Structures are given as C-alpha cells and as structure tokens.
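Have a look at upload.txt below; it lists compact mmCIF, C-alpha atoms.
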# COMPACT_ATOMS: atom_id res chain seq x y z
CA MET R 285 9.69 -62.09 10.92
CA LYS R 286 7.38 -62.04 13.98
CA THR R 287 10.38 -62.50 16.20
CA ILE R 288 12.06 -59.52 14.62
CA ILE R 289 8.99 -57.32 15.14
CA PHE R 290 8.70 -58.58 18.69
CA LEU R 291 12.35 -57.83 19.36
CA LEU R 292 12.03 -54.45 17.72
CA LEU R 293 9.00 -53.60 19.85
CA PHE R 294 10.76 -54.86 22.95
CA PHE R 295 13.78 -52.69 22.38
CA THR R 296 11.82 -49.65 21.30
CA SER R 297 9.55 -49.73 24.33
CA GLY R 298 12.47 -50.41 26.61
CA HIS R 299 14.22 -47.45 25.07
CA LEU R 300 11.15 -45.28 25.49
CA LEU R 301 10.80 -46.34 29.11
CA GLY R 302 14.40 -45.41 29.73
CA LEU R 303 13.86 -42.03 28.18
CA ASP R 304 10.74 -41.47 30.26
CA SER R 305 12.54 -42.01 33.51
CA ILE R 306 15.24 -39.57 32.46
CA THR R 307 12.66 -36.89 31.62
CA ASP R 308 10.97 -37.49 34.98
CA LYS R 309 14.26 -36.89 36.70
CA LEU R 310 14.81 -33.68 34.75
CA LYS R 311 11.34 -32.50 35.64
CA ILE R 312 12.01 -32.98 39.33
CA GLU R 313 15.28 -31.10 39.16
CA GLU R 314 14.00 -28.22 37.07
CA PRO R 315 13.77 -25.05 39.18
CA GLU R 316 10.31 -23.63 39.67
CA VAL R 317 9.87 -20.05 38.50
CA LYS R 318 6.59 -18.20 38.84
CA VAL R 319 6.10 -15.69 36.04
CA VAL R 320 4.07 -12.81 37.47
CA ASN R 321 3.15 -9.16 37.05
CA PHE R 322 3.59 -6.82 40.01
CA ASP R 323 0.03 -7.22 41.31
CA GLN R 324 0.46 -10.96 41.32
CA LEU R 325 3.84 -10.67 43.02
CA SER R 326 2.97 -8.23 45.79
CA PRO R 327 1.05 -10.66 48.06
CA TYR R 328 4.25 -12.71 48.29
CA LEU R 329 6.39 -9.76 49.35
CA CYS R 330 6.50 -9.31 53.10
CA PRO R 331 2.84 -9.92 53.98
CA ASP R 332 1.99 -7.87 57.10
CA SER R 333 0.01 -10.82 58.46
CA ASP R 334 3.10 -13.04 58.61
CA SER R 335 5.01 -11.86 61.65
CA GLU R 336 6.85 -15.19 62.06
CA THR R 337 9.00 -14.97 58.94
CA THR R 338 11.86 -12.65 58.07
CA TYR R 339 11.94 -12.10 54.34
CA ILE R 340 14.97 -11.20 52.30
CA VAL R 341 13.98 -10.20 48.78
CA ASN R 342 16.57 -9.65 46.07
CA PHE R 343 15.89 -8.09 42.66
CA PHE R 344 18.34 -9.45 40.11
CA ALA R 345 18.91 -10.56 36.53
CA THR R 346 21.26 -13.12 35.02
CA TRP R 347 22.76 -10.35 32.85
CA CYS R 348 23.47 -8.11 35.85
CA LYS R 349 27.06 -8.78 36.91
CA PRO R 350 26.97 -7.27 40.42
CA CYS R 351 23.74 -9.23 41.01
CA VAL R 352 25.36 -12.50 39.98
CA ASP R 353 28.44 -11.65 42.09
CA GLU R 354 26.45 -11.07 45.27
CA LEU R 355 24.10 -14.06 44.89
CA PRO R 356 26.44 -16.57 46.66
CA TYR R 357 26.25 -14.44 49.83
CA PHE R 358 22.46 -14.60 49.75
CA LEU R 359 22.55 -18.36 49.21
CA GLU R 360 24.95 -18.85 52.10
CA LEU R 361 22.83 -16.61 54.32
CA HIS R 362 19.73 -18.59 53.42
CA LYS R 363 21.47 -21.89 54.09
CA ASN R 364 22.55 -20.75 57.55
CA TYR R 365 19.37 -18.94 58.61
CA ARG R 366 16.44 -20.74 56.96
CA GLU R 367 15.95 -22.81 60.15
CA GLU R 368 15.56 -19.56 62.08
CA GLY R 369 12.69 -18.48 59.86
CA LEU R 370 14.46 -16.64 57.02
CA HIS R 371 12.69 -16.84 53.68
CA PHE R 372 14.65 -15.92 50.55
CA ILE R 373 12.78 -14.56 47.53
CA LEU R 374 14.66 -13.96 44.31
CA ILE R 375 12.94 -11.74 41.75
CA SER R 376 14.36 -11.96 38.26
CA LEU R 377 14.06 -9.07 35.83
CA ASP R 378 15.32 -11.18 32.95
CA PHE R 379 13.38 -10.82 29.74
CA PRO R 380 10.52 -13.38 29.71
CA GLN R 381 11.80 -14.95 26.49
CA HIS R 382 14.96 -15.95 28.40
CA LEU R 383 13.11 -17.93 31.08
CA GLU R 384 14.03 -21.34 29.66
CA SER R 385 17.25 -20.47 27.86
CA ARG R 386 19.00 -18.41 30.56
CA LEU R 387 17.20 -18.09 33.88
CA LYS R 388 16.38 -21.74 34.59
CA PRO R 389 19.86 -23.05 33.61
CA PHE R 390 21.40 -20.30 35.78
CA LEU R 391 19.27 -21.33 38.78
CA THR R 392 20.22 -24.99 38.32
CA GLU R 393 23.92 -24.24 37.88
CA ASN R 394 24.01 -22.13 41.04
CA SER R 395 21.78 -24.49 43.06
CA VAL R 396 19.52 -21.59 43.94
CA THR R 397 17.36 -22.42 46.96
CA ALA R 398 15.17 -19.32 46.86
CA GLU R 399 11.52 -18.95 45.90
CA VAL R 400 12.00 -17.54 42.41
CA PHE R 401 9.76 -15.18 40.45
CA LEU R 402 10.21 -13.70 37.01
CA LEU R 403 8.65 -10.26 37.17
CA ASP R 404 7.20 -9.70 33.73
CA ASP R 405 5.74 -6.22 34.11
CA PRO R 406 6.90 -3.40 31.84
CA ALA R 407 5.06 -0.74 33.87
CA ALA R 408 8.21 -0.18 35.94
CA ASN R 409 7.43 3.47 36.60
CA ASP R 410 4.32 2.33 38.49
CA TRP R 411 5.74 -0.55 40.48
CA ILE R 412 9.29 0.65 41.30
CA PRO R 413 8.02 3.25 43.84
CA LYS R 414 5.67 0.61 45.29
CA VAL R 415 8.71 -1.53 46.12
CA ASP R 416 10.38 1.49 47.69
CA GLU R 417 9.89 5.20 47.18
CA SER R 418 13.66 5.75 47.14
CA TRP R 419 14.48 3.11 44.49
CA SER R 420 15.79 4.55 41.21
CA GLY R 421 15.33 1.25 39.40
CA ALA R 422 18.96 0.14 39.30
CA ILE R 423 19.61 -3.48 40.18
CA PRO R 424 20.68 -5.20 42.38
CA ALA R 425 18.22 -4.07 45.04
CA THR R 426 17.28 -5.82 48.28
CA ILE R 427 14.49 -5.68 50.86
CA VAL R 428 14.58 -7.14 54.35
CA CYS R 429 11.23 -7.26 56.10
CA ARG R 430 9.05 -8.83 58.74
CA GLY R 431 5.49 -8.21 59.86
CA GLY R 432 5.05 -4.80 58.26
CA LYS R 433 8.55 -3.43 58.97
CA SER R 434 11.08 -3.25 56.19
CA SER R 435 14.45 -1.90 55.06
CA PHE R 436 15.44 -1.25 51.46
CA TYR R 437 18.94 -1.27 49.94
CA GLU R 438 19.86 -0.10 46.44
CA LYS R 439 23.40 -1.47 46.58
CA THR R 440 25.63 -4.46 45.98
CA PHE R 441 26.68 -6.65 48.91
CA HIS R 442 30.20 -8.00 49.23
CA SER R 443 29.98 -10.54 52.03
CA THR R 444 27.60 -12.81 53.89
CA ASP R 445 28.46 -10.96 57.11
CA GLU R 446 27.07 -7.74 55.66
CA LEU R 447 23.76 -9.52 55.06
CA ILE R 448 23.76 -11.14 58.50
CA GLU R 449 23.99 -7.66 60.03
CA LEU R 450 20.89 -6.60 58.10
CA ILE R 451 18.74 -9.54 59.09
CA GLN R 452 19.77 -9.84 62.76
CA PRO R 453 17.45 -7.08 64.07
CA TYR R 454 14.57 -8.67 62.16
CA LEU R 455 15.28 -12.23 63.34
CA ASN R 456 15.51 -11.03 66.93
CA GLN R 457 12.16 -9.21 66.78
CA MET C 136 19.58 46.04 69.54
CA LYS C 137 22.93 44.33 69.94
CA ASN C 138 21.16 41.18 71.04
CA THR C 139 18.88 41.26 68.04
CA THR C 140 21.81 41.62 65.67
CA LEU C 141 23.66 38.81 67.39
CA SER C 142 20.72 36.45 67.26
CA PHE C 143 20.16 37.37 63.64
CA ILE C 144 23.77 36.47 62.84
CA LEU C 145 23.54 33.27 64.87
CA PHE C 146 20.29 32.38 63.19
CA SER C 147 21.81 33.05 59.78
CA ILE C 148 24.78 30.82 60.56
CA MET C 149 22.48 28.05 61.76
CA PHE C 150 20.39 28.39 58.65
CA LEU C 151 23.49 28.22 56.50
CA PHE C 152 24.62 25.01 58.17
CA ALA C 153 21.16 23.50 57.92
CA GLY C 154 21.20 24.34 54.25
CA ILE C 155 24.54 22.70 53.71
CA GLN C 156 23.42 19.58 55.54
CA LEU C 157 20.22 19.33 53.53
CA HIS C 158 22.20 19.58 50.37
CA ALA C 159 24.71 16.97 51.49
CA SER C 160 22.00 14.46 52.32
CA ASP C 161 20.28 14.55 48.94
CA GLY C 162 23.18 12.76 47.24
CA GLY C 163 24.28 15.76 45.23
CA GLY C 164 22.40 14.84 42.06
CA LEU C 165 20.51 17.25 39.83
CA LYS C 166 16.87 18.00 40.51
CA ILE C 167 14.23 19.39 38.19
CA GLY C 168 14.95 23.11 37.84
CA ASP C 169 18.70 22.85 38.55
CA VAL C 170 21.19 24.06 35.98
CA ALA C 171 23.21 21.10 34.70
CA PRO C 172 27.00 21.44 34.68
CA ASP C 173 28.72 21.35 31.30
CA PHE C 174 31.44 18.80 30.64
CA SER C 175 34.26 18.12 28.24
CA LEU C 176 34.35 14.42 27.45
CA LYS C 177 36.13 12.43 24.78
CA ASN C 178 33.92 11.22 21.97
CA ILE C 179 34.49 7.99 20.06
CA ASP C 180 35.83 10.09 17.13
CA GLY C 181 38.63 11.38 19.39
CA ASN C 182 37.20 14.90 19.75
CA TYR C 183 36.07 16.36 23.04
CA VAL C 184 32.37 17.22 23.34
CA SER C 185 30.84 19.96 25.50
CA MET C 186 27.33 21.39 25.49
CA SER C 187 28.86 24.79 24.86
CA ASP C 188 30.01 23.49 21.44
CA TYR C 189 26.42 23.70 20.24
CA GLU C 190 25.36 27.21 19.34
CA ASP C 191 21.67 28.03 19.55
CA ALA C 192 20.77 24.64 21.00
CA ALA C 193 17.09 24.22 21.85
CA GLY C 194 18.13 21.69 24.46
CA PHE C 195 20.06 18.55 25.27
CA ILE C 196 19.04 14.94 25.67
CA ILE C 197 21.76 13.59 27.95
CA ILE C 198 21.55 9.80 28.23
CA PHE C 199 23.83 7.87 30.56
CA SER C 200 24.41 4.77 28.53
CA CYS C 201 26.76 1.85 28.07
CA ASN C 202 27.59 -1.13 25.87
CA HIS C 203 26.70 -4.15 27.93
CA CYS C 204 23.35 -3.48 29.61
CA PRO C 205 20.41 -5.29 27.94
CA PHE C 206 18.11 -2.41 28.88
CA VAL C 207 20.39 -0.04 26.97
CA VAL C 208 20.66 -2.38 24.00
CA ALA C 209 16.83 -2.43 23.98
CA VAL C 210 16.67 1.36 23.52
CA GLU C 211 19.63 1.98 21.19
CA ASP C 212 17.42 2.14 18.11
CA ARG C 213 15.12 4.56 19.92
CA MET C 214 18.11 6.75 20.78
CA ILE C 215 19.08 6.85 17.10
CA ALA C 216 15.50 7.73 16.09
CA LEU C 217 15.36 10.47 18.74
CA HIS C 218 18.54 12.01 17.43
CA GLU C 219 17.34 11.88 13.85
CA ARG C 220 14.04 13.48 14.73
CA TYR C 221 15.16 16.14 17.21
CA ALA C 222 18.72 17.15 16.23
CA PRO C 223 17.37 19.13 13.24
CA MET C 224 15.15 21.02 15.71
CA GLY C 225 18.19 21.86 17.87
CA TRP C 226 17.75 19.15 20.51
CA HIS C 227 21.09 17.38 20.75
CA LEU C 228 21.44 13.87 22.08
CA ILE C 229 24.70 13.08 23.87
CA ALA C 230 25.26 9.55 25.20
CA ILE C 231 27.65 9.37 28.13
CA ASN C 232 29.21 6.06 29.16
CA PRO C 233 29.93 6.37 32.91
CA ASN C 234 31.15 2.82 33.62
CA ASP C 235 34.65 2.08 34.86
CA PRO C 236 36.19 -0.15 32.17
CA THR C 237 38.38 -1.89 34.75
CA VAL C 238 35.13 -3.17 36.30
CA VAL C 239 33.30 -3.79 32.99
CA PRO C 240 35.84 -4.43 30.21
CA ASP C 241 32.95 -4.31 27.70
CA ASP C 242 32.63 -0.59 28.43
CA SER C 243 36.19 0.33 27.43
CA PHE C 244 36.69 3.22 25.03
CA GLU C 245 37.70 0.76 22.26
CA LYS C 246 34.53 -1.29 22.78
CA MET C 247 32.49 1.92 22.69
CA ILE C 248 33.95 2.69 19.28
CA GLU C 249 33.07 -0.85 18.14
CA ARG C 250 29.50 -0.60 19.39
CA ALA C 251 29.00 2.84 17.85
CA GLN C 252 30.24 1.53 14.50
CA GLU C 253 28.03 -1.56 14.65
CA LYS C 254 24.99 0.58 15.34
CA ASN C 255 26.06 3.59 13.30
CA PHE C 256 25.42 5.99 16.16
CA PRO C 257 24.74 9.41 14.63
CA PHE C 258 25.16 11.15 18.03
CA PRO C 259 28.25 11.65 20.22
CA TYR C 260 29.04 8.71 22.49
CA VAL C 261 31.46 10.03 25.09
CA LYS C 262 33.35 8.45 27.97
CA ASP C 263 33.06 9.82 31.50
CA VAL C 264 36.78 9.29 32.12
CA GLY C 265 37.47 9.57 35.84
CA GLN C 266 33.72 9.20 36.50
CA LYS C 267 33.30 12.82 37.56
CA VAL C 268 30.22 13.73 35.52
CA PHE C 269 27.68 11.03 36.45
CA PRO C 270 27.78 11.83 40.21
CA GLN C 271 27.23 15.54 39.46
CA TYR C 272 24.12 14.61 37.53
CA GLY C 273 23.05 11.99 40.06
CA ALA C 274 22.74 9.29 37.43
CA THR C 275 22.27 5.90 39.06
CA ARG C 276 21.72 3.54 36.17
CA THR C 277 21.96 3.00 32.45
CA PRO C 278 19.91 4.05 30.59
CA HIS C 279 19.13 7.24 32.55
CA VAL C 280 17.87 10.32 30.71
CA PHE C 281 18.34 13.99 31.71
CA LEU C 282 16.50 16.44 29.45
CA LEU C 283 17.90 19.97 29.58
CA ASP C 284 16.50 23.07 27.95
CA SER C 285 18.47 25.78 26.11
CA ASP C 286 19.62 27.26 29.46
CA LYS C 287 20.80 23.78 30.54
CA VAL C 288 18.02 23.71 33.13
CA VAL C 289 16.93 20.15 33.98
CA ARG C 290 13.34 19.73 32.81
CA TYR C 291 12.80 15.96 32.83
CA ILE C 292 14.62 12.99 34.39
CA GLY C 293 13.95 9.32 33.81
CA ALA C 294 13.13 6.91 31.02
CA ILE C 295 12.62 7.40 27.29
CA ASP C 296 9.16 5.83 27.44
CA ASP C 297 7.01 3.44 29.43
CA ASN C 298 8.31 0.20 27.96
CA THR C 299 12.08 -0.20 27.89
CA ARG C 300 11.92 -3.85 26.89
CA ASP C 301 9.49 -3.70 24.03
CA GLU C 302 9.19 -0.66 21.81
CA SER C 303 6.13 -2.02 20.01
CA ALA C 304 4.22 -2.01 23.31
CA VAL C 305 5.07 1.58 24.24
CA GLN C 306 2.03 3.60 25.28
CA GLU C 307 3.63 6.79 26.57
CA LYS C 308 6.64 8.47 25.01
CA TRP C 309 7.63 10.45 28.10
CA LEU C 310 10.78 12.01 26.69
CA GLU C 311 9.23 13.10 23.38
CA ASN C 312 6.17 14.44 25.19
CA ALA C 313 8.48 16.38 27.50
CA ILE C 314 10.26 17.97 24.53
CA ALA C 315 6.94 18.82 22.90
CA ARG C 316 5.67 20.48 26.06
CA ILE C 317 8.88 22.49 26.58
CA MET C 318 8.62 23.67 22.96
CA ARG C 319 5.12 24.94 23.78
CA GLY C 320 6.37 26.71 26.91
CA MET C 321 4.97 24.16 29.33
CA ASP C 322 6.52 21.91 31.96
CA PRO C 323 6.83 18.22 31.11
CA ASP C 324 4.28 15.91 32.68
CA PRO C 325 5.45 13.68 34.30
CA LEU C 326 8.62 15.47 35.39
CA GLU C 327 10.33 12.29 36.53
CA THR C 328 9.89 8.61 35.75
CA ARG C 329 11.67 5.45 36.77
CA ALA C 330 12.76 2.35 34.96
CA ILE C 331 14.82 -0.74 35.58
CA GLY C 332 18.41 -0.38 34.52
CA CYS C 333 21.97 -1.49 35.17
CA THR C 334 23.89 0.06 38.03
CA ILE C 335 26.72 2.38 37.07
CA LYS C 336 29.88 0.38 37.60
CA VAL C 337 32.53 1.88 39.90
CA GLN C 338 35.61 0.42 41.54
CA GLU C 339 34.66 -0.97 44.96
Take the structure in this file and express it as structure tokens.
Amino acid sequence: MKTIIFLLLFFTSGHLLGLDSITDKLKIEEPEVKVVNFDQLSPYLCPDSDSETTYIVNFFATWCKPCVDELPYFLELHKNYREEGLHFILISLDFPQHLESRLKPFLTENSVTAEVFLLDDPAANDWIPKVDESWSGAIPATIVCRGGKSSFYEKTFHSTDELIELIQPYLNQ
Amino acid sequence: MKNTTLSFILFSIMFLFAGIQLHASDGGGLKIGDVAPDFSLKNIDGNYVSMSDYEDAAGFIIIFSCNHCPFVVAVEDRMIALHERYAPMGWHLIAINPNDPTVVPDDSFEKMIERAQEKNFPFPYVKDVGQKVFPQYGATRTPHVFLLDSDKVVRYIGAIDDNTRDESAVQEKWLENAIARIMRGMDPDPLETRAIGCTIKVQE
C-alpha cells in the first residue's frame, strides 16, 4: 500500500513538474501587451526628449484587413532598421475583451517584434485629434517621428520600400 | 481706366484659379453648411432609394455603413433605435454601404441582404455601386454619419455618440442632440466629431 502511495506521489509530482516547465515556457513566449488609455500611452509616442530614436507608430486592429495586410512590411522594416535606431510601436484598437482570445494569439502567430499597446480609451473624439489634427479615425494610420518632428499617414502601405522612403529622412537627421 | 479694367479682370482670373485650387486640395468632401448631393442607390429590397423620394422630410441621417466592421456591428442596434425614434418625426435614416465587394466579399449585395434580414433593419440599406457617392460626401470610414436638414444642408458630421464600443457607457448622444437642436432652430454642438472606424475599401 505504502509503495503504491509513494509511486502515485512520485508520478503525480513528476507530472506536475513537467506541467510547470511547460507553463514557464508559455509565459516566456507570451507577447507583452500594455493596456492603456490615451494619457498613459502618450509619453511613449515620440517623446521630444528622445532625439536618438526614430519611431514608427502604427494604429491597427486584428479585425482590420488592410492593417493585417500591411503589417508584414512594418515587421520587415523593423527587422532591417532596428539596429539603426528604429523603434516600432504597434497600437491595437481591438476590443479589450479580445486581448487574450484574439490579439495575443495574433501577435504570436505573426512573430510581432513591436512594442505593443492596446489602447482602451473610448473617448476617441478627444484623442484622435491629439494623434493628428487631420486624422478622421479610420485605421490603419501611421506616424513616423523623431525628436519633436513627425509625419502622419492615414493610408494603407503596400510595400516595405514605401515605408523605407518615409523613415529615411528621419534616420538621416 | 483701361489698365484698371485689365487688372480687375486679371485679378478676377487669379482669384478664380485660387478658388479652384483651394477646393481641389480639401479632398472634395462635404463640409458643414454644404448642400449634400442626392443619389439613387439600390436598396436590399431591389428598389432604388433617393432622398427626393421622401416628401416633407425633416432631415436625413445618412450613415456610411457596412457588414464586416466591428465598429459598425457595435452600433447597428443604435441605428435601428434611431430610425424607430426619428422616422415618425420625418428624420429618415439611410445606411449606405460604400465598400467594393471585390475587396471585401462580406460587403456584397447578397451579404447585405443577409445582414439586414438577421438584424431586421427597418431602414434602407443601399449599395454605393461604382463607389461614386462616398467620395462626394467625403466619407472616410464606417460608420460615418452625415446629418442633413430638410434642405439637404449638412448640419453635423461624425459619430452617433461618444462611445462606439459600449452603448451602456455613452455619455453624449451627439447625433440625437444635433437633431434636437436643429428642431429648435439651433446649430448642433459639436458640429463635427471623430471616432475610430474601418477604412472604406476600394480597389488598389
């Protein structure tokens, strides 16, 4: 009887240990997403004080097809220019209740390397003009900026080259 | 005297060109105070809908809408409620789907009929075939509201209210307030609002 309990314990704990290491692995691989309102987000967007970094900021959502279509160009751009000081920020406008079920799996599947935020702020009429006075609120939308200078684009991009053209003048500053 | 006339003509010509250029650079969309163009677009019931079909209209709630956009889905019930409340007062809601179905198959005419049946839309849901109407209005996203008065003058442009995602958290019903103010002979306040929405899908 004792042997059986011992064996049982042995196997159970071994099993648990195995499970633990798998969960640890998952935790490491899980993409980090900061859920923020606009006030919390704005210090991250193109701080004037940081003149060393060129920022490319993309507003997107997993349900927005043109956004999903253009994302690979942003990822390729980031891969090729991160060494030159390009920082890629991806701002998701997914509904907060879809953080775990849609956004995080999407980021993992697409190996997204950006700093990711979920902007949970319904007061869009207040913060849209703060992003750019000309923005109607349609996504995708993109900002390129460095040290207080910025350009805004309410459009979909169709190649990495198009993006390279946008960032070149900023990288060469 | 001759010189004066000549410079006046030259000045007028310059002014004319400047005017044209200014107009060209603003994207061609409607502004507050502009008269909105009428249209004749096919409704899900097969009939063509124009604003001129409505006699004695108090105004029109034109909403550029679609099937697939989560921000539209979030306001569909509000669109139905708006129609039910305001149509009896002469304010007619017309939903226009501007998306190219070859880009978004979910926005095909057949799918529009399906969606309208699922939701029991009591208002016309018409297709901007050829995508000629949305650029005239300057719509950029779905949902995008243009509120017109009885003379088809644009009085309010923007969102239905201040919380697209969550109706229970709405604090300001911009569109309804705009209608109420127009009915009292006042201008809406605010005149324009913005909200997140889906881009209008066109062939690249």
task: Fewer than 3 positions away in the same chain doesn't count, so skip those; otherwise give me all residues within 10 Å of R:Phe379, counting only C-alpha atoms, as a PyMOL selection string.
output: (chain R and resi 345-347+376+382-383+386-387+402-405) or (chain C and resi 205-206+300-301)
message: List the spatial neighbours of R:Gly421 as a PyMOL selection string - criterion: any atom at most 12 Å away, all atoms listed in the file, same-chain residues fewer than 3 positions off excluded.
response: (chain R and resi 343-344+377+407-418+424-426+437-439) or (chain C and resi 206+274-279+293-294+328-335)
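Atom to atom, atom CA of R:Cys348 and atom CA of C:Gln252 stand 24.4 Å apart.
Remark: for chain R, the closest of the candidate residues C:Ala209, C:Met224, C:Met186, C:Val289 is C:Ala209 (distances computed over all atoms listed in the file).
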message: Report, in Å with one decimal, the straight-line distance from atom CA of C:Asp188 to atom CA of C:Ala171.
response: 15.1 Å
statement: In terms of all atoms listed in the file, the residue from C:Pro233, C:Gly225, C:Arg316, C:Gln266 at minimal distance from C:Ile196 is C:Gly225
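Proximity to R:Lys349 was assessed for C:Asp241, C:Asp212, C:Glu311, C:Asp180 counting all atoms listed in the file; the smallest distance is recorded for C:Asp241.
Distances from C:Lys177, C:His203, C:Arg290, C:Lys166 to chain R were compared using all atoms listed in the file, and the smallest one belongs to C:His203.
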message: Please report the interatomic distance between atom CA of C:Asn232 and atom CA of C:Phe244 in Å with one decimal.
response: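 Separating atom CA of C:Asn232 from atom CA of C:Phe244 is a distance of 9.0 Å.
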message: Applying 12 Å and only C-alpha atoms, which residues near R:Pro453 remain after dropping the ones on its own chain fewer than 2 positions away? List them as a list of chain:residue names.
response: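 My list of contacting residues is R:Thr338, R:Val428, R:Cys429, R:Arg430, R:Lys433, R:Ser434, R:Ser435, R:Leu447, R:Ile448, R:Glu449, R:Leu450, R:Ile451, R:Leu455, R:Asn456, R:Gln457.
Using all atoms listed in the file, the nearest neighbour of chain C within the list R:Glu393, R:Glu316, R:Asp378, R:Asp445 is R:Asp378.
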